[in-house]
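Participant: Below you'll find the structure I mean.
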Amino acid sequence: MGKKKRSKKVAADDDELTGTGTCEASADEVSLPDPTELGNVLQYENGLLACAISPIYGRYLSTQRNVKKGDLLFSEKYLIAGPQRSSDVVCVGCHSEFQEDTTRFNCPHCQWPICRDECAVSIYHKDECKFFTEKKIKPPTRQGTCDFGALTILRGLMLKLRDPVSWKKLMHLEAHNDIRKNLPLWRENMINVVIVILDQWHLFEYFSEEEIHTVCGILEVNSFELGEKYSFRGIFPMAAMMAHDCIPNTTHFQNGLDGILEVRAAIDIPAGSPLAICYAFSLEGTSQRRKMLQETKFFECSCVRCCDAKELGTCLSGVLCQTCKKGYVYNTGAADLANVWICEKCKIKVPLQYIDSLLENWQEAVDRVVDIPSSEKFIENCKTVFHPNHAIPFGVKFNLCQAYGRESTELQNLSPADLDRKLALCREVLDVLDALTPGYTITRGMVLYELQAAEIIHVRRLQATLKPHILRRKLQLTLKTLKDAIAILEMSPTSTIEYEIAQSAKKETLVDLTKWISLLK
């Protein structure tokens, strides 16, 4: 997401470079002369990471030695952070939304909206507060009159005035102005951001129209989502240098309280491999991921997964053929960046418009799924339309993994049928996650945690009928699942529910399960 050069097709010869393989040939990489411009110089001095240039990735980070899954690759504080694009009135300190006027206060210095006193001195607001006060920039008087996303753009622009080194780092990132200026988004930014900053806030003597559009583009192309309770966005220059792959080899953890992003190895990474994240949502089908990447990151992905119609055997995009009712329809043109949807059995060609309309209609139906009964009914209905692993029912299955044992009936009180259903769902979901988001990811960690909890209940109910060595073996497998879940979840920031779950599991479940196994000797 830095100044990256993207080709529409990439190469098998680049397999050594990516560690995952792509669809076509590429040129050699060369060393980047001055990686220190990217910030966090220590990461380049400790022998762990290097920065290089490739015709495929542009600039990217790679490892200089073998890295084990879970290892910390780097930790980085935001360069700028603030409200999402098209945000209505939010607290300028913590970025929470105001549900009603009674929860809204004003910063005692600049009068911009805050939700509590401590937000007036928030790390996110303190610099602009002085600027707003000096320039007499008043907040909007009512909701709907200002895109608070403009505030994030201003925070980026202010680096030009107060921190030239950070401004240079920001300008080092790609904005794709040449592409964006031909899109409707450019005009939206002109109305909601450029005119606001230059005309309403009267800052034309400090910033140019081109600079504002550039910062808009940098945020649109490079930002990471932040926040646990409330969603906002931030720029992390070093993290933005990571390459894209729809099967990422890294995972990241964000702490919205202090704006820190930690990047860790999701799997074992050999020396010389690029660090890769998925710029799109990993658990969407290829068509949806590619569309998102084209519209927001301005390149077409040709990774191994995108070039495989069946997405490494997961069939996440498979649609049941309505002609023969036996085969599934896949995009056989995926490797050529085309859309050629053909049934694997009867070979009938299905129009792209049908696929797009089908996905749109069913995605709307997902939004009406609210509880376990409606989820199960939705999954049953999907069987006549999608492959069981299709992204749409898959998302509902993932939610059900956590719903059983929490929503209405506690885990230990689940009926045998519901407990078996929870176990089956967890294993189905993990099969897909192991292929598409392997290793130490929070998503896998949560499903592993749900699986071990259900397994313990299941074994307790069966223990009277099991031979000691079989019982011990089952518990040992569950113990491994529990340890994997804890190892993943405790990498989360200490303020998160995931971290709390890991600590509770270590103190209670892990101790109890280990003791139980020891008594079976």
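By order in the structure tokens, chains are A, B, ...; within a chain, residues start at 1; ligands start at 1, following the order shown.
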Can I get the residues of stretch 162-239 of chain A within 12 Å of stretch 262-266 of chain A, each with the closest pair of atoms and their distance in Å to one decimal, using only C-alpha atoms, sorted chain first then ascending number, as a tab-separated table?
Facilitator:
residue	atom	partner	partner_atom	distance
A:Phe224	CA	A:Glu262	CA	11.8
A:Leu226	CA	A:Glu262	CA	11.9
A:Phe236	CA	A:Glu262	CA	10.4
A:Met238	CA	A:Val263	CA	10.1
A:Ala239	CA	A:Val263	CA	7.8
Participant: Export all heavy atoms of the chosen residues as a short mmCIF file (atom, residue, chain, number, x, y, z; two decimals), in the first residue's frame?
Facilitator:
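Saved as result-v7.cif:
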data_model
loop_
_atom_site.label_atom_id
_atom_site.label_comp_id
_atom_site.auth_asym_id
_atom_site.auth_seq_id
_atom_site.Cartn_x
_atom_site.Cartn_y
_atom_site.Cartn_z
N PHE A 224 -5.80 1.48 8.17
CA PHE A 224 -6.23 0.30 8.91
C PHE A 224 -7.38 0.70 9.81
O PHE A 224 -7.41 1.82 10.34
CB PHE A 224 -5.09 -0.25 9.78
CG PHE A 224 -4.03 -0.98 9.01
CD1 PHE A 224 -3.08 -0.28 8.26
CD2 PHE A 224 -3.97 -2.36 9.02
CE1 PHE A 224 -2.09 -0.95 7.56
CE2 PHE A 224 -2.98 -3.04 8.32
CZ PHE A 224 -2.04 -2.34 7.59
N LEU A 226 -9.35 0.83 13.20
CA LEU A 226 -9.00 0.83 14.62
C LEU A 226 -10.27 0.83 15.46
O LEU A 226 -11.37 1.05 14.95
CB LEU A 226 -8.17 2.07 14.97
CG LEU A 226 -6.74 2.14 14.41
CD1 LEU A 226 -6.19 3.55 14.57
CD2 LEU A 226 -5.86 1.14 15.14
N PHE A 236 -0.47 3.67 9.36
CA PHE A 236 0.74 3.09 9.93
C PHE A 236 1.71 2.86 8.77
O PHE A 236 1.58 1.87 8.03
CB PHE A 236 0.41 1.78 10.63
CG PHE A 236 -0.58 1.92 11.75
CD1 PHE A 236 -1.94 1.91 11.50
CD2 PHE A 236 -0.15 2.08 13.06
CE1 PHE A 236 -2.86 2.05 12.52
CE2 PHE A 236 -1.06 2.23 14.10
CZ PHE A 236 -2.42 2.22 13.83
N MET A 238 4.75 1.83 8.23
CA MET A 238 5.49 0.59 8.08
C MET A 238 4.55 -0.56 7.70
O MET A 238 4.84 -1.37 6.81
CB MET A 238 6.23 0.26 9.36
CG MET A 238 7.26 -0.84 9.19
SD MET A 238 8.30 -0.92 10.65
CE MET A 238 9.35 -2.27 10.19
N ALA A 239 3.40 -0.64 8.37
CA ALA A 239 2.43 -1.68 8.06
C ALA A 239 1.91 -1.53 6.64
O ALA A 239 1.58 -2.53 5.97
CB ALA A 239 1.27 -1.64 9.05
#
Participant: Could you give me the residues within stretch 189-359 of chain A that DSSP places in strand (DSSP E or B), as number ranges by chain?
Facilitator: A: 224-226, 232-235, 243-244, 250-255, 260-265, 269, 274, 276-277, 303, 319-320, 328-331, 341-343, 349-350
Participant: Dump C-alpha atoms for the selected residues as a CSV table (one decimal), in the first residue's frame?
Facilitator:
chain,number,residue,atom,x,y,z
A,224,PHE,CA,-6.2,0.3,8.9
A,225,GLU,CA,-9.4,0.1,10.9
A,226,LEU,CA,-9.0,0.8,14.6
A,232,PHE,CA,-12.1,4.7,13.2
A,233,ARG,CA,-9.1,4.6,10.9
A,234,GLY,CA,-5.4,5.1,11.1
A,235,ILE,CA,-2.2,5.3,9.0
A,243,ALA,CA,2.4,-6.8,0.4
A,244,HIS,CA,-1.1,-8.2,-0.3
A,250,THR,CA,0.8,-12.2,9.0
A,251,THR,CA,-1.9,-11.1,11.5
A,252,HIS,CA,-2.2,-7.8,13.2
A,253,PHE,CA,-3.6,-6.7,16.5
A,254,GLN,CA,-4.7,-3.1,17.2
A,255,ASN,CA,-5.1,-1.2,20.4
A,260,ILE,CA,-0.6,0.8,18.5
A,261,LEU,CA,-0.6,-1.8,15.8
A,262,GLU,CA,1.2,-5.0,16.4
A,263,VAL,CA,2.1,-7.3,13.4
A,264,ARG,CA,2.9,-10.9,14.1
A,265,ALA,CA,3.7,-14.0,12.0
A,269,ILE,CA,7.8,-17.6,7.6
A,274,PRO,CA,7.5,-10.9,1.8
A,276,ALA,CA,1.7,-10.2,3.4
A,277,ILE,CA,-1.7,-9.2,4.7
A,303,CYS,CA,-2.6,-14.6,-6.1
A,319,VAL,CA,-23.2,-21.7,-6.5
A,320,LEU,CA,-25.5,-24.7,-7.1
A,328,TYR,CA,-21.7,-26.3,-8.6
A,329,VAL,CA,-21.0,-23.2,-10.8
A,330,TYR,CA,-17.5,-21.7,-10.5
A,331,ASN,CA,-15.7,-18.8,-12.2
A,341,TRP,CA,-19.1,-19.0,-14.6
A,342,ILE,CA,-19.6,-22.6,-15.7
A,343,CYS,CA,-21.2,-25.6,-14.0
A,349,LYS,CA,-22.5,-21.1,-18.7
A,350,VAL,CA,-24.2,-18.8,-16.2
Participant: Please identify all polymer residues within 7 Å of stretch 474-481 of chain A, counting only C-alpha atoms, omitting same-chain residues fewer than 6 positions from it, and present them as a JSON list (two decimals) with C-alpha atoms, in the first residue's frame.
Facilitator:
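Result file around-v2.json:
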[["chain", "number", "residue", "atom", "x", "y", "z"],
["A", 448, "LEU", "CA", -10.67, -23.11, 18.69],
["A", 452, "GLN", "CA", -12.44, -27.05, 23.16],
["A", 455, "GLU", "CA", -15.35, -30.98, 23.57],
["A", 513, "LEU", "CA", -7.99, -30.06, 32.22],
["A", 517, "ILE", "CA", -5.52, -35.86, 32.45]]
Participant: Which value, in Å to one decimal, gives the distance between atom CA of A:Leu520 and atom CA of A:Glu450?
Facilitator: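 Computed distance, atom CA of A:Leu520 to atom CA of A:Glu450, equals 24.4 Å.
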Participant: Given only C-alpha atoms, how would the per-residue table for stretch 56-137 of chain A near stretch 486-497 of chain A read, listing every residue at most 10 Å away with its closest atom pair and distance in Å to one decimal, sorted by chain and number, as CSV?
Facilitator:
residue,atom,partner,partner_atom,distance
A:Lys69,CA,A:Ile488,CA,9.8
A:Gly70,CA,A:Ile488,CA,7.5
A:Asp71,CA,A:Met491,CA,9.8
A:Leu72,CA,A:Met491,CA,9.4
Participant: Selection from above, N, CA, C and O atoms, as a PDB file, in the first residue's frame, can you write it?
Facilitator:
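Below is the file that was written, again06.pdb:
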ATOM      1  N   LYS A  69       5.618 -18.801  13.872  1.00  0.00           N
ATOM      2  CA  LYS A  69       4.267 -18.263  14.023  1.00  0.00           C
ATOM      3  C   LYS A  69       4.086 -17.700  15.432  1.00  0.00           C
ATOM      4  O   LYS A  69       4.561 -18.269  16.413  1.00  0.00           O
ATOM      5  N   GLY A  70       3.437 -16.555  15.481  1.00  0.00           N
ATOM      6  CA  GLY A  70       3.232 -15.865  16.746  1.00  0.00           C
ATOM      7  C   GLY A  70       4.312 -14.859  17.083  1.00  0.00           C
ATOM      8  O   GLY A  70       4.105 -13.991  17.939  1.00  0.00           O
ATOM      9  N   ASP A  71       5.474 -14.920  16.409  1.00  0.00           N
ATOM     10  CA  ASP A  71       6.558 -13.969  16.685  1.00  0.00           C
ATOM     11  C   ASP A  71       6.133 -12.548  16.327  1.00  0.00           C
ATOM     12  O   ASP A  71       5.469 -12.320  15.302  1.00  0.00           O
ATOM     13  N   LEU A  72       6.528 -11.607  17.155  1.00  0.00           N
ATOM     14  CA  LEU A  72       6.275 -10.201  16.872  1.00  0.00           C
ATOM     15  C   LEU A  72       7.217  -9.728  15.770  1.00  0.00           C
ATOM     16  O   LEU A  72       8.435  -9.833  15.899  1.00  0.00           O
TER      17      LEU A  72
END
Participant: Given the choices A:Asp127, A:Ser287, A:Pro237, A:Val369, which gets closest to A:Lys77 if the distance is worked out from only C-alpha atoms?
Facilitator: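 That would be A:Pro237, the residue with the smallest distance to A:Lys77.
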Participant: Mind pulling up the distance from atom CA of A:Leu411 to atom CA of A:Lys521?
Facilitator: 28.1 Å
Participant: Can you pull out every residue within 7 Å of stretch 63-68 of chain A, counting only C-alpha atoms, but drop anything in the same chain fewer than 6 positions away, and send it as a list in words?
Facilitator: Gly47, Leu48, Leu49, Ala50, Ala265, Ile267, Asp268, Ile269, Pro270, Ala271, Gly272, Ser273 and Pro274 of chain A
Participant: Output N, CA, C and O atoms for every residue in the selection just made, as a PDB file, in the first residue's frame.
Facilitator:
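This is the output file result_8.pdb:
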ATOM      1  N   GLY A  47      18.152  -6.908  12.148  1.00  0.00           N
ATOM      2  CA  GLY A  47      18.324  -8.108  11.340  1.00  0.00           C
ATOM      3  C   GLY A  47      17.064  -8.892  11.081  1.00  0.00           C
ATOM      4  O   GLY A  47      17.108  -9.962  10.477  1.00  0.00           O
ATOM      5  N   LEU A  48      15.907  -8.363  11.497  1.00  0.00           N
ATOM      6  CA  LEU A  48      14.663  -9.113  11.293  1.00  0.00           C
ATOM      7  C   LEU A  48      14.005  -8.806   9.958  1.00  0.00           C
ATOM      8  O   LEU A  48      13.653  -9.697   9.193  1.00  0.00           O
ATOM      9  N   LEU A  49      13.836  -7.508   9.639  1.00  0.00           N
ATOM     10  CA  LEU A  49      13.121  -7.109   8.432  1.00  0.00           C
ATOM     11  C   LEU A  49      13.998  -6.304   7.489  1.00  0.00           C
ATOM     12  O   LEU A  49      14.950  -5.648   7.902  1.00  0.00           O
ATOM     13  N   ALA A  50      13.651  -6.363   6.210  1.00  0.00           N
ATOM     14  CA  ALA A  50      14.291  -5.537   5.195  1.00  0.00           C
ATOM     15  C   ALA A  50      13.206  -5.003   4.273  1.00  0.00           C
ATOM     16  O   ALA A  50      12.087  -5.515   4.243  1.00  0.00           O
ATOM     17  N   ALA A 265       3.680 -12.907  13.002  1.00  0.00           N
ATOM     18  CA  ALA A 265       3.652 -13.972  12.000  1.00  0.00           C
ATOM     19  C   ALA A 265       2.473 -14.888  12.293  1.00  0.00           C
ATOM     20  O   ALA A 265       2.346 -15.409  13.397  1.00  0.00           O
ATOM     21  N   ILE A 267       1.928 -17.637  10.486  1.00  0.00           N
ATOM     22  CA  ILE A 267       2.483 -18.966  10.229  1.00  0.00           C
ATOM     23  C   ILE A 267       4.006 -18.858  10.281  1.00  0.00           C
ATOM     24  O   ILE A 267       4.545 -17.754  10.370  1.00  0.00           O
ATOM     25  N   ASP A 268       4.696 -19.969  10.234  1.00  0.00           N
ATOM     26  CA  ASP A 268       6.152 -19.931  10.104  1.00  0.00           C
ATOM     27  C   ASP A 268       6.510 -19.295   8.764  1.00  0.00           C
ATOM     28  O   ASP A 268       5.991 -19.702   7.722  1.00  0.00           O
ATOM     29  N   ILE A 269       7.393 -18.299   8.789  1.00  0.00           N
ATOM     30  CA  ILE A 269       7.760 -17.573   7.570  1.00  0.00           C
ATOM     31  C   ILE A 269       9.244 -17.774   7.293  1.00  0.00           C
ATOM     32  O   ILE A 269      10.086 -17.384   8.100  1.00  0.00           O
ATOM     33  N   PRO A 270       9.606 -18.350   6.145  1.00  0.00           N
ATOM     34  CA  PRO A 270      11.023 -18.549   5.818  1.00  0.00           C
ATOM     35  C   PRO A 270      11.732 -17.226   5.546  1.00  0.00           C
ATOM     36  O   PRO A 270      11.105 -16.247   5.121  1.00  0.00           O
ATOM     37  N   ALA A 271      13.015 -17.190   5.775  1.00  0.00           N
ATOM     38  CA  ALA A 271      13.817 -16.000   5.485  1.00  0.00           C
ATOM     39  C   ALA A 271      13.666 -15.609   4.022  1.00  0.00           C
ATOM     40  O   ALA A 271      13.614 -16.465   3.138  1.00  0.00           O
ATOM     41  N   GLY A 272      13.578 -14.312   3.779  1.00  0.00           N
ATOM     42  CA  GLY A 272      13.469 -13.805   2.419  1.00  0.00           C
ATOM     43  C   GLY A 272      12.043 -13.671   1.906  1.00  0.00           C
ATOM     44  O   GLY A 272      11.821 -13.172   0.801  1.00  0.00           O
ATOM     45  N   SER A 273      11.058 -14.106   2.698  1.00  0.00           N
ATOM     46  CA  SER A 273       9.661 -14.049   2.260  1.00  0.00           C
ATOM     47  C   SER A 273       9.065 -12.667   2.509  1.00  0.00           C
ATOM     48  O   SER A 273       9.314 -12.056   3.552  1.00  0.00           O
ATOM     49  N   PRO A 274       8.247 -12.161   1.575  1.00  0.00           N
ATOM     50  CA  PRO A 274       7.525 -10.914   1.823  1.00  0.00           C
ATOM     51  C   PRO A 274       6.530 -11.090   2.963  1.00  0.00           C
ATOM     52  O   PRO A 274       5.949 -12.166   3.129  1.00  0.00           O
TER      53      PRO A 274
END
Participant: Going by DSSP on the backbone, which bits of stretch 196-443 of chain A are helix (DSSP H, G or I)? Write them as an NGL selection string, please.
Facilitator: :A and (196-200 or 209-222 or 239-241 or 286-297 or 304-307 or 334-336 or 352-366 or 372-382 or 391-403 or 411-413 or 416-436 or 442-443)
